[in-house]
>>> print(open('run-v3.cif').read())   # mmCIF, C-alpha atoms
data_work
#
loop_
_atom_site.label_atom_id
_atom_site.label_comp_id
_atom_site.auth_asym_id
_atom_site.auth_seq_id
_atom_site.Cartn_x
_atom_site.Cartn_y
_atom_site.Cartn_z
CA MET A 1 -11.60 -25.56 -7.47
CA ARG A 2 -13.65 -23.36 -9.69
CA HIS A 3 -17.27 -23.92 -10.73
CA VAL A 4 -18.07 -23.74 -14.45
CA GLY A 5 -21.58 -23.66 -15.91
CA ARG A 6 -23.21 -26.38 -17.99
CA PRO A 7 -22.23 -25.09 -21.47
CA GLU A 8 -18.54 -24.83 -20.51
CA ALA A 9 -18.69 -28.15 -18.63
CA LEU A 10 -20.07 -30.00 -21.65
CA ALA A 11 -17.57 -28.30 -23.97
CA ARG A 12 -14.68 -29.40 -21.70
CA ILE A 13 -15.95 -32.98 -21.61
CA ALA A 14 -16.37 -33.09 -25.39
CA ALA A 15 -12.86 -31.68 -25.93
CA ASP A 16 -11.31 -34.20 -23.52
CA ARG A 17 -13.16 -37.25 -24.77
CA GLY A 18 -11.20 -39.41 -27.17
CA ASP A 19 -12.16 -42.57 -29.01
CA ASP A 20 -10.69 -44.91 -26.40
CA CYS A 21 -11.93 -45.45 -22.84
CA PRO A 22 -10.23 -42.94 -20.50
CA LEU A 23 -10.89 -45.16 -17.46
CA CYS A 24 -8.85 -48.03 -18.93
CA ARG A 25 -5.66 -46.04 -18.43
CA PRO A 26 -5.15 -44.67 -14.93
CA PRO A 27 -3.49 -41.28 -14.67
CA GLY A 28 0.07 -41.02 -13.47
CA ALA A 29 -0.94 -40.07 -9.92
CA VAL A 30 -3.65 -41.91 -8.05
CA ILE A 31 -5.02 -41.50 -4.54
CA ALA A 32 -5.03 -45.23 -3.80
CA ASP A 33 -5.02 -48.48 -5.72
CA ASN A 34 -5.00 -52.23 -5.45
CA ALA A 35 -4.64 -55.17 -7.81
CA HIS A 36 -8.02 -54.60 -9.46
CA ALA A 37 -8.90 -50.91 -9.12
CA TYR A 38 -7.58 -47.38 -8.67
CA ALA A 39 -8.92 -44.10 -7.26
CA MET A 40 -8.37 -40.69 -8.85
CA LEU A 41 -9.79 -37.21 -8.46
CA ALA A 42 -12.59 -36.65 -10.96
CA ARG A 43 -11.53 -34.43 -13.83
CA PHE A 44 -15.14 -33.33 -14.21
CA ALA A 45 -16.29 -33.12 -10.60
CA ALA A 46 -19.85 -32.90 -9.34
CA ARG A 47 -18.46 -31.37 -6.12
CA PRO A 48 -14.99 -30.46 -4.85
CA GLY A 49 -13.40 -33.69 -3.60
CA HIS A 50 -15.27 -35.95 -6.08
CA VAL A 51 -13.27 -39.16 -6.57
CA VAL A 52 -13.71 -41.86 -9.21
CA ILE A 53 -12.92 -45.49 -8.34
CA ALA A 54 -12.34 -47.44 -11.57
CA LEU A 55 -11.75 -51.06 -12.42
CA ARG A 56 -8.27 -51.50 -13.96
CA ARG A 57 -9.50 -53.65 -16.82
CA HIS A 58 -12.29 -52.70 -19.16
CA ALA A 59 -15.64 -54.18 -18.17
CA GLU A 60 -18.99 -52.58 -18.88
CA ARG A 61 -21.27 -54.65 -16.64
CA ILE A 62 -21.18 -55.83 -13.04
CA GLU A 63 -21.87 -59.38 -14.23
CA ALA A 64 -18.47 -59.36 -15.94
CA LEU A 65 -16.67 -58.94 -12.60
CA ALA A 66 -15.36 -61.77 -10.48
CA TRP A 67 -15.94 -61.35 -6.74
CA PRO A 68 -12.33 -60.28 -6.00
CA GLU A 69 -12.65 -57.43 -8.53
CA TYR A 70 -15.99 -56.27 -7.12
CA GLU A 71 -14.65 -56.49 -3.58
CA ALA A 72 -11.49 -54.55 -4.50
CA LEU A 73 -13.53 -51.79 -6.14
CA HIS A 74 -15.68 -51.38 -3.05
CA GLN A 75 -12.74 -51.65 -0.65
CA LEU A 76 -11.20 -48.62 -2.35
CA ALA A 77 -14.53 -46.78 -2.15
CA TRP A 78 -14.56 -47.47 1.60
CA GLN A 79 -10.96 -46.26 2.05
CA VAL A 80 -11.37 -43.17 -0.08
CA GLY A 81 -14.81 -42.40 1.37
CA ARG A 82 -13.28 -42.26 4.85
CA ALA A 83 -10.48 -39.98 3.63
CA VAL A 84 -12.95 -37.69 1.83
CA ASP A 85 -15.03 -37.51 5.01
CA ARG A 86 -11.95 -36.54 7.06
CA VAL A 87 -10.66 -33.94 4.61
CA PHE A 88 -13.99 -32.26 3.84
CA GLY A 89 -15.87 -32.72 7.11
CA ALA A 90 -18.76 -33.83 4.94
CA ARG A 91 -22.31 -34.01 6.22
CA ARG A 92 -22.41 -37.28 4.33
CA VAL A 93 -20.29 -39.09 1.73
CA TYR A 94 -22.25 -40.23 -1.31
CA ILE A 95 -21.04 -43.39 -3.06
CA ALA A 96 -22.76 -44.20 -6.33
CA ALA A 97 -22.50 -46.45 -9.34
CA LEU A 98 -24.09 -44.75 -12.31
CA GLY A 99 -24.48 -45.55 -15.93
CA SER A 100 -26.66 -45.02 -18.91
CA ALA A 101 -28.35 -47.53 -21.16
CA GLU A 102 -27.69 -45.14 -24.04
CA PRO A 103 -24.37 -43.53 -24.96
CA LEU A 104 -23.99 -40.12 -23.32
CA LEU A 105 -21.24 -37.53 -23.43
CA THR A 106 -21.20 -37.46 -19.61
CA SER A 107 -21.02 -41.21 -19.01
CA PHE A 108 -18.40 -43.89 -19.66
CA PRO A 109 -19.30 -47.55 -20.28
CA HIS A 110 -16.69 -48.78 -17.81
CA VAL A 111 -17.42 -50.17 -14.32
CA HIS A 112 -16.64 -47.42 -11.82
CA LEU A 113 -17.91 -45.77 -8.64
CA HIS A 114 -18.20 -42.15 -7.56
CA VAL A 115 -17.29 -40.94 -4.06
CA VAL A 116 -18.65 -37.45 -3.46
CA PRO A 117 -18.60 -35.35 -0.27
CA LEU A 118 -21.92 -33.68 0.48
CA VAL A 119 -21.27 -30.50 2.41
CA ASP A 120 -23.92 -28.02 1.30
CA GLY A 121 -27.06 -29.57 2.77
CA GLY A 122 -30.58 -29.06 1.53
CA SER A 123 -31.73 -29.68 -2.02
CA ALA A 124 -28.18 -29.36 -3.45
CA ASP A 125 -27.24 -32.63 -1.74
CA LYS A 126 -30.19 -34.73 -2.93
CA PRO A 127 -29.01 -37.62 -5.14
CA ALA A 128 -30.79 -36.29 -8.23
CA ALA A 129 -29.03 -32.93 -7.82
CA VAL A 130 -25.54 -34.33 -7.19
CA PHE A 131 -25.07 -35.90 -10.61
CA THR A 132 -26.91 -33.53 -12.87
CA TRP A 133 -24.84 -31.54 -15.32
CA ALA A 134 -27.51 -28.83 -15.25
CA HIS A 135 -25.52 -27.08 -12.51
CA GLY A 136 -22.17 -27.43 -14.28
CA MET A 137 -19.08 -28.94 -12.67
CA TYR A 138 -15.96 -28.12 -10.72
CA VAL A 139 -12.52 -27.97 -12.31
CA PHE A 140 -9.02 -27.42 -10.95
CA ASP A 141 -7.38 -24.11 -11.78
CA ASP A 142 -3.99 -25.80 -12.12
CA ALA A 143 -2.02 -28.98 -11.49
CA ALA A 144 -0.68 -27.70 -8.16
CA GLU A 145 -4.20 -27.30 -6.77
CA GLU A 146 -5.07 -30.85 -7.85
CA ARG A 147 -1.84 -32.26 -6.40
CA ALA A 148 -2.44 -30.49 -3.06
CA LEU A 149 -5.92 -32.01 -2.71
CA ARG A 150 -4.68 -35.45 -3.76
CA ASP A 151 -1.89 -35.23 -1.16
CA ARG A 152 -4.39 -34.31 1.57
CA LEU A 153 -6.58 -37.29 0.66
CA VAL A 154 -3.60 -39.68 0.53
CA ALA A 155 -2.48 -38.50 3.98
CA SER A 156 -6.00 -39.15 5.33
CA LEU A 157 -6.41 -42.69 3.99
CA PRO A 158 -7.20 -45.29 6.65
CA GLU A 159 -5.24 -48.49 6.90
CA ARG A 160 -6.67 -51.30 4.79
CA ALA A 161 -9.10 -53.64 6.51
#
>>> encode(input="run-v3.cif", output="structure tokens")
Amino acid sequence: MRHVGRPEALARIAADRGDDCPLCRPPGAVIADNAHAYAMLARFAARPGHVVIALRRHAERIEALAWPEYEALHQLAWQVGRAVDRVFGARRVYIAALGSAEPLLTSFPHVHLHVVPLVDGGSADKPAAVFTWAHGMYVFDDAAEERALRDRLVASLPERA
């Protein structure tokens, strides 16, 4: 993966963002999924190995989820978090649910979680530093690089509980 600075990161996000919700339609290849959620590598990653766990149907608030949906979302975060830990040898795996009360270019109003390996240590791994776009983002150089990482994560998935 290659790091790009904030101006390029924001330009890429703006160019990719359409009018419809990109999390409502899972990509062709996912890391793991279940009846209510799916996991995919983040297209605009805070760190290499950043995975997004998204609800299959569009919901913007936790209160809109039935328990089985909430449970399925978090079960995938657990599975993928363990795989991310194995693949990256992370110092810690950060799992977060973020959102903004106001529309932002860098946020989607769709229930989802982020699974991010923290490997650097120090101030770079503090929660406020992990999800700031001030430092830019990581992007794949090509589809083969993305596929190789996805395959490594899939091979490292634990059995379901």
>>> closest_residue(input="run-v3.cif", among="A:Ala72, A:Ala97, A:Ala46, A:Ile31", to="A:Glu60", atoms="all atoms listed in the file")
A:Ala97
>>> resolve_selection(input="run-v3.cif", expression="the PyMOL selection byres ((chain A and resi 40) around 6)", output="NGL selection string")
:A and (30-31 or 39 or 41 or 51-52)
>>> resolve_selection(input="run-v3.cif", expression="the PyMOL selection byres ((chain A and resi 8-11) around 8)", output="ChimeraX atom specification")
/A:4-7,12-15,44,105-106,133,136-137
>>> resolve_selection(input="run-v3.cif", expression="the PyMOL selection byres ((chain A and resi 1) around 8)", output="NGL selection string")
:A and (2-3 or 48 or 138-141 or 145)
>>> closest_residue(input="run-v3.cif", among="A:Lys126, A:Arg43, A:Ala59, A:Glu159", to="A:Trp78", atoms="all atoms listed in the file")
A:Glu159
>>> residues_near_point(input="run-v3.cif", point="(-10.4, -39.6, 3.7)", cutoff="10 Å", atoms="only C-alpha atoms", output="list in words")
Gly49, Trp78, Gln79, Val80, Gly81, Arg82, Ala83, Val84, Asp85, Arg86, Val87, Phe88, Gly89, Arg152, Leu153, Val154, Ala155, Ser156, Leu157 and Pro158 of chain A
>>> atom_distance(input="run-v3.cif", atom1="atom CA of A:Thr132", atom2="atom CA of A:Ala42")
14.8 Å
>>> closest_residue(input="run-v3.cif", among="A:Arg25, A:Arg150, A:His50, A:Arg92", to="A:Ala37", atoms="only C-alpha atoms")
A:Arg25
>>> residues_around(input="run-v3.cif", residues="A:Pro26", least_positions_apart="2", cutoff="9 Å", atoms="all atoms listed in the file", output="short mmCIF file (atom, residue, chain, number, x, y, z; two decimals) with C-alpha atoms, in the coordinates of the input")
data_model
loop_
_atom_site.label_atom_id
_atom_site.label_comp_id
_atom_site.auth_asym_id
_atom_site.auth_seq_id
_atom_site.Cartn_x
_atom_site.Cartn_y
_atom_site.Cartn_z
CA PRO A 22 -10.23 -42.94 -20.50
CA LEU A 23 -10.89 -45.16 -17.46
CA CYS A 24 -8.85 -48.03 -18.93
CA GLY A 28 0.07 -41.02 -13.47
CA ALA A 29 -0.94 -40.07 -9.92
CA VAL A 30 -3.65 -41.91 -8.05
CA TYR A 38 -7.58 -47.38 -8.67
CA ALA A 39 -8.92 -44.10 -7.26
CA MET A 40 -8.37 -40.69 -8.85
CA ALA A 54 -12.34 -47.44 -11.57
CA ARG A 56 -8.27 -51.50 -13.96
#
>>> atom_distance(input="run-v3.cif", atom1="atom CA of A:Arg61", atom2="atom CA of A:Cys21")
14.5 Å
>>> closest_residue(input="run-v3.cif", among="A:Asp151, A:His58, A:Ile53, A:Ala45", to="A:Asp20", atoms="all atoms listed in the file")
A:His58
>>> atom_distance(input="run-v3.cif", atom1="atom CA of A:Leu55", atom2="atom CA of A:Arg147")
22.1 Å
>>> closest_residue(input="run-v3.cif", among="A:Ala90, A:Val111, A:Val130, A:Val116", to="A:Leu73", atoms="all atoms listed in the file")
A:Val111
